[in-house]
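Data block below; observations after.
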Amino acid sequence: MKLRHALTISCATDAGLVRNFNEDSVVADNDFGVVILADGMGGYKAGDVASGMATMIIGNELKEKFGKGVGRSNGVDLETELLRDAVTRANTAIHHAAHNKSQFQGMGTTVVITLFRDNVVTIAHAGDSRLYRLRNDKLEQLTMDHSLLQEQVQLGLITAEDARVSHNRNLVTRALGVNQTIAVDIRQERALPGDIYLLCSDGLNDMVDDADIELAMVSIKENIPLLVQQLVTMANDNGGHDNISVAAIKVEKPFPLRTGFFARWFGAAA
Amino acid sequence: MAKLVLSMNGSVLGNYFLEKERFTIGRKPACDIQINDQGVSKEHAVILTVGNDQILEDLGSTNGTQINGQGAKRQILQNGDVIEVGRYRLKYVNQKAMPDMDFDKTLMIPAFDRTKLSVEGAEKTGEDTASISTAVANARNVKTVFPLGVVRGIGGAVMGREIELVRAITPLGKPGGSAIISRRPGGYYITHVAGKKYPVVNGKSIGEAPLALDNLDQIEVGADKLQFYLR
């Protein structure tokens, strides 16, 4: 089953008003129900290389696996394993490139991924790029930042509200390509018709607070391409200090995996 | 490197660089800044360095600690903050700790060693929710220099209603939105969201593109008629 009839997906990425380059990268595949967003860092344009490698390698890896026709999980959590493998592969490749070419030294990237399959969304992330969900007009953050700021709040050093005046917003505690291994957080959630999932780089959530993100999603949920444009505009209107990337996925209807003879015979691709 | 400038009654007594993860202020000789004054507790306050943040924490002192004239228990310091301890003042100087600074490039740091920072009084669990507000304080709202916009219902179900356009977006029409009015630095814009019929402004359909609103424009969204004006 192709998912383009069940999901509406739209992406936008913008350099913002201050930076010369856009080091974010976003990739979406309507058929496989995969969206990948990465925010690169390091060196002259190297951040762009890192985020580009992450989205390309992970995207290709998932496509290849699904192309071969993987079926239902059979008790083993297939989607989780696929995502973990793909992120690990990207981490190794970026790490390798960073160590072998001087101009790529120190590069790395955050990543957040959603994989929609069989009425479930599998979410993987490392770093401070986020996934939000709007359900019943309420916004909820489904990823927890891997950032020093988040750790400060969890330790009780500062309050969540104090985070606004922190100077640590740019410090992430996990990124692809920096170490030989990567710890990636993966979780699964049931996806319901009407849900809107929003992936973003910190250029959005550092400039637009959650209340306004929620307001935009509630007000523009009937027009997903306009929604992503509006969010980018709001981040720029508020200063556009960083690259802004946004991807929104609206679940239009259920997307169960076909099972039974035909699915097995043909390989239940996606 | 961040520093504290110690002074009393306007005369500078010394400069202290915040080179340690835990920098203590108090009457005890072991403190990094020792202030020999009865109004100062033995261990009065500590400044913790976490990444780029320096967090002042009052250690339950008898007379308390003030930052810019306000009592402070635990607070992230901003460049230029004045800390008052007894009769002494400590000015915090750190060009990198500007509340409105441009964002530094993202950097990866190894997960920091939590055990190095013993935080007295901090609840171990902290706030375990995923949501923290990172939106910078000065970027929360569009800085608008034009007057507040208002729409007043002049026909249909919204007749007689008045809506102040204070938020970044105000939806019009059916729930889920037929159109929105967005508040931007240059003014107000109306944009079509969904539905076969585009909004009509002064008798003309606006189409797909956003349209800047002028004072006293007449707007039709579905069966609703509204007038836009600037207050």
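So you can find residues: chains in the structure tokens are A, B, ... in the order shown, residues in each start at 1, and ligands are numbered from 1 in order.
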
Next on the checklist: Please identify the strand (DSSP E or B) residues within range 94-199 of chain A (assignment by DSSP from backbone atoms) and present them as a ChimeraX atom specification.
Outcome noted: /A:108-109,111-117,120-126,130-135,138-141,147,171-172,176,185-190,196-199

Item to check | Residues within 8 Å of Ile25 in chain B, only C-alpha atoms, excluding chain neighbours under 5 positions, as a ChimeraX atom specification | outcome: /B:31-35,43-46

What does the file look like for those residues with C-alpha atoms, as a tab-separated table (two decimals), in the first residue's frame?
```tsv
chain	number	residue	atom	x	y	z
B	31	CYS	CA	35.02	30.91	49.79
B	32	ASP	CA	36.21	32.04	46.36
B	33	ILE	CA	35.10	35.54	47.23
B	34	GLN	CA	35.45	36.09	50.92
B	35	ILE	CA	33.47	39.04	52.23
B	43	GLU	CA	28.34	30.32	52.81
B	44	HIS	CA	26.08	32.89	51.28
B	45	ALA	CA	25.71	32.02	47.61
B	46	VAL	CA	27.25	29.91	44.87
```

Next on the checklist: Report, in Å to a single decimal, how far apart CA of Ala179 in chain B and CA of Thr13 in chain A are.
Outcome noted: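 Separation of CA of Thr13 in chain A and CA of Ala179 in chain B: 23.6 Å.
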
Item to check | Backbone-only DSSP, helix (DSSP H, G or I) members of range 72-151 of chain A, as a PyMOL selection string | outcome: chain A and resi 78-100+102-104+148-151

Written selection (N, CA and C atoms) as a tab-separated table (two decimals), in the first residue's frame:
```tsv
chain	number	residue	atom	x	y	z
A	78	LEU	N	10.10	-4.66	14.18
A	78	LEU	CA	10.77	-4.45	12.91
A	78	LEU	C	11.14	-2.99	12.64
A	79	GLU	N	10.15	-2.11	12.83
A	79	GLU	CA	10.38	-0.69	12.50
A	79	GLU	C	11.49	-0.11	13.37
A	80	THR	N	11.48	-0.46	14.64
A	80	THR	CA	12.50	0.04	15.56
A	80	THR	C	13.89	-0.41	15.10
A	81	GLU	N	13.99	-1.68	14.72
A	81	GLU	CA	15.28	-2.20	14.27
A	81	GLU	C	15.74	-1.51	12.98
A	82	LEU	N	14.79	-1.33	12.06
A	82	LEU	CA	15.13	-0.67	10.79
A	82	LEU	C	15.67	0.74	11.03
A	83	LEU	N	14.99	1.46	11.89
A	83	LEU	CA	15.41	2.84	12.15
A	83	LEU	C	16.75	2.87	12.86
A	84	ARG	N	16.92	1.99	13.81
A	84	ARG	CA	18.18	1.98	14.56
A	84	ARG	C	19.35	1.66	13.60
A	85	ASP	N	19.14	0.67	12.74
A	85	ASP	CA	20.19	0.31	11.78
A	85	ASP	C	20.51	1.48	10.85
A	86	ALA	N	19.47	2.14	10.36
A	86	ALA	CA	19.67	3.22	9.40
A	86	ALA	C	20.42	4.39	10.05
A	87	VAL	N	20.05	4.73	11.27
A	87	VAL	CA	20.72	5.85	11.96
A	87	VAL	C	22.17	5.48	12.27
A	88	THR	N	22.38	4.24	12.67
A	88	THR	CA	23.74	3.78	12.96
A	88	THR	C	24.61	3.85	11.71
A	89	ARG	N	24.03	3.44	10.59
A	89	ARG	CA	24.78	3.48	9.33
A	89	ARG	C	25.15	4.93	8.97
A	90	ALA	N	24.20	5.83	9.13
A	90	ALA	CA	24.48	7.24	8.83
A	90	ALA	C	25.55	7.80	9.77
A	91	ASN	N	25.46	7.44	11.03
A	91	ASN	CA	26.44	7.91	12.02
A	91	ASN	C	27.85	7.47	11.62
A	92	THR	N	27.96	6.20	11.26
A	92	THR	CA	29.27	5.65	10.88
A	92	THR	C	29.83	6.39	9.67
A	93	ALA	N	28.99	6.61	8.67
A	93	ALA	CA	29.44	7.26	7.44
A	93	ALA	C	29.89	8.71	7.69
A	94	ILE	N	29.10	9.43	8.49
A	94	ILE	CA	29.45	10.84	8.76
A	94	ILE	C	30.72	10.91	9.61
A	95	HIS	N	30.80	10.03	10.58
A	95	HIS	CA	31.97	9.98	11.44
A	95	HIS	C	33.22	9.69	10.62
A	96	HIS	N	33.09	8.74	9.71
A	96	HIS	CA	34.19	8.36	8.84
A	96	HIS	C	34.64	9.56	7.98
A	97	ALA	N	33.67	10.23	7.36
A	97	ALA	CA	33.98	11.38	6.51
A	97	ALA	C	34.63	12.50	7.32
A	98	ALA	N	34.12	12.71	8.53
A	98	ALA	CA	34.64	13.78	9.38
A	98	ALA	C	36.10	13.52	9.76
A	99	HIS	N	36.46	12.24	9.83
A	99	HIS	CA	37.82	11.90	10.25
A	99	HIS	C	38.79	11.83	9.09
A	100	ASN	N	38.25	11.68	7.88
A	100	ASN	CA	39.14	11.47	6.74
A	100	ASN	C	39.33	12.71	5.87
A	102	SER	N	39.84	16.86	6.08
A	102	SER	CA	40.06	17.93	7.05
A	102	SER	C	38.93	18.96	7.02
A	103	GLN	N	38.37	19.20	5.82
A	103	GLN	CA	37.33	20.24	5.76
A	103	GLN	C	36.03	19.80	6.44
A	104	PHE	N	35.91	18.48	6.72
A	104	PHE	CA	34.70	17.97	7.39
A	104	PHE	C	34.93	17.71	8.87
A	148	LEU	N	21.96	20.31	26.59
A	148	LEU	CA	22.37	20.67	27.95
A	148	LEU	C	21.22	21.36	28.68
A	149	LEU	N	20.46	22.16	27.92
A	149	LEU	CA	19.33	22.88	28.50
A	149	LEU	C	18.33	21.91	29.11
A	150	GLN	N	18.00	20.86	28.35
A	150	GLN	CA	17.06	19.85	28.83
A	150	GLN	C	17.60	19.19	30.10
A	151	GLU	N	18.90	18.90	30.11
A	151	GLU	CA	19.49	18.25	31.29
A	151	GLU	C	19.44	19.18	32.50
```

Could you produce a table of the residues of chain A lying within 6 Å of chain B, with the nearest pair of atoms per residue and their separation in Å rounded to one decimal, using only C-alpha atoms, ordered by chain and increasing residue number, as a tab-separated table?
```
residue	atom	partner	partner_atom	distance
A:Met41	CA	B:Thr106	CA	5.9
A:Met144	CA	B:Ala130	CA	4.8
A:Gln154	CA	B:Gly126	CA	4.5
A:Leu155	CA	B:Gly126	CA	5.0
A:Gly156	CA	B:Gly126	CA	3.9
A:Ala160	CA	B:Ile132	CA	5.0
A:Ala163	CA	B:Thr134	CA	5.6
A:Arg164	CA	B:Val136	CA	4.9
A:His167	CA	B:Asn52	CA	5.4
A:Asn168	CA	B:Asn52	CA	5.5
A:Asn170	CA	B:Thr106	CA	4.5
A:Leu171	CA	B:Leu107	CA	5.2
A:Val172	CA	B:Met108	CA	5.0
A:Thr173	CA	B:Ala111	CA	5.1
A:Asn205	CA	B:Ala135	CA	5.8
A:Asp206	CA	B:Ala135	CA	3.9
A:Met207	CA	B:Ala135	CA	5.0
A:Val208	CA	B:Ala135	CA	5.8
A:Asp209	CA	B:Ala135	CA	5.1
A:Ser219	CA	B:Gly177	CA	5.4
A:Glu222	CA	B:Ala194	CA	5.9
A:Asn223	CA	B:Val193	CA	5.8
A:Asn238	CA	B:Ala139	CA	5.1
```

Checklist outcome for this item: A straight line from CA of Asp195 in chain A to CA of Arg133 in chain A spans 6.8 Å

Item to check | Point-to-point distance from CA of Arg169 in chain A to CA of Ala54 in chain A, Å rounded to tenths | outcome: 22.2 Å

Item to check | Nearest residue to Asp185 in chain A from the set A:Val112, A:Ala211, A:Val34, A:Val228 (distances using only C-alpha atoms) | outcome: A:Val112
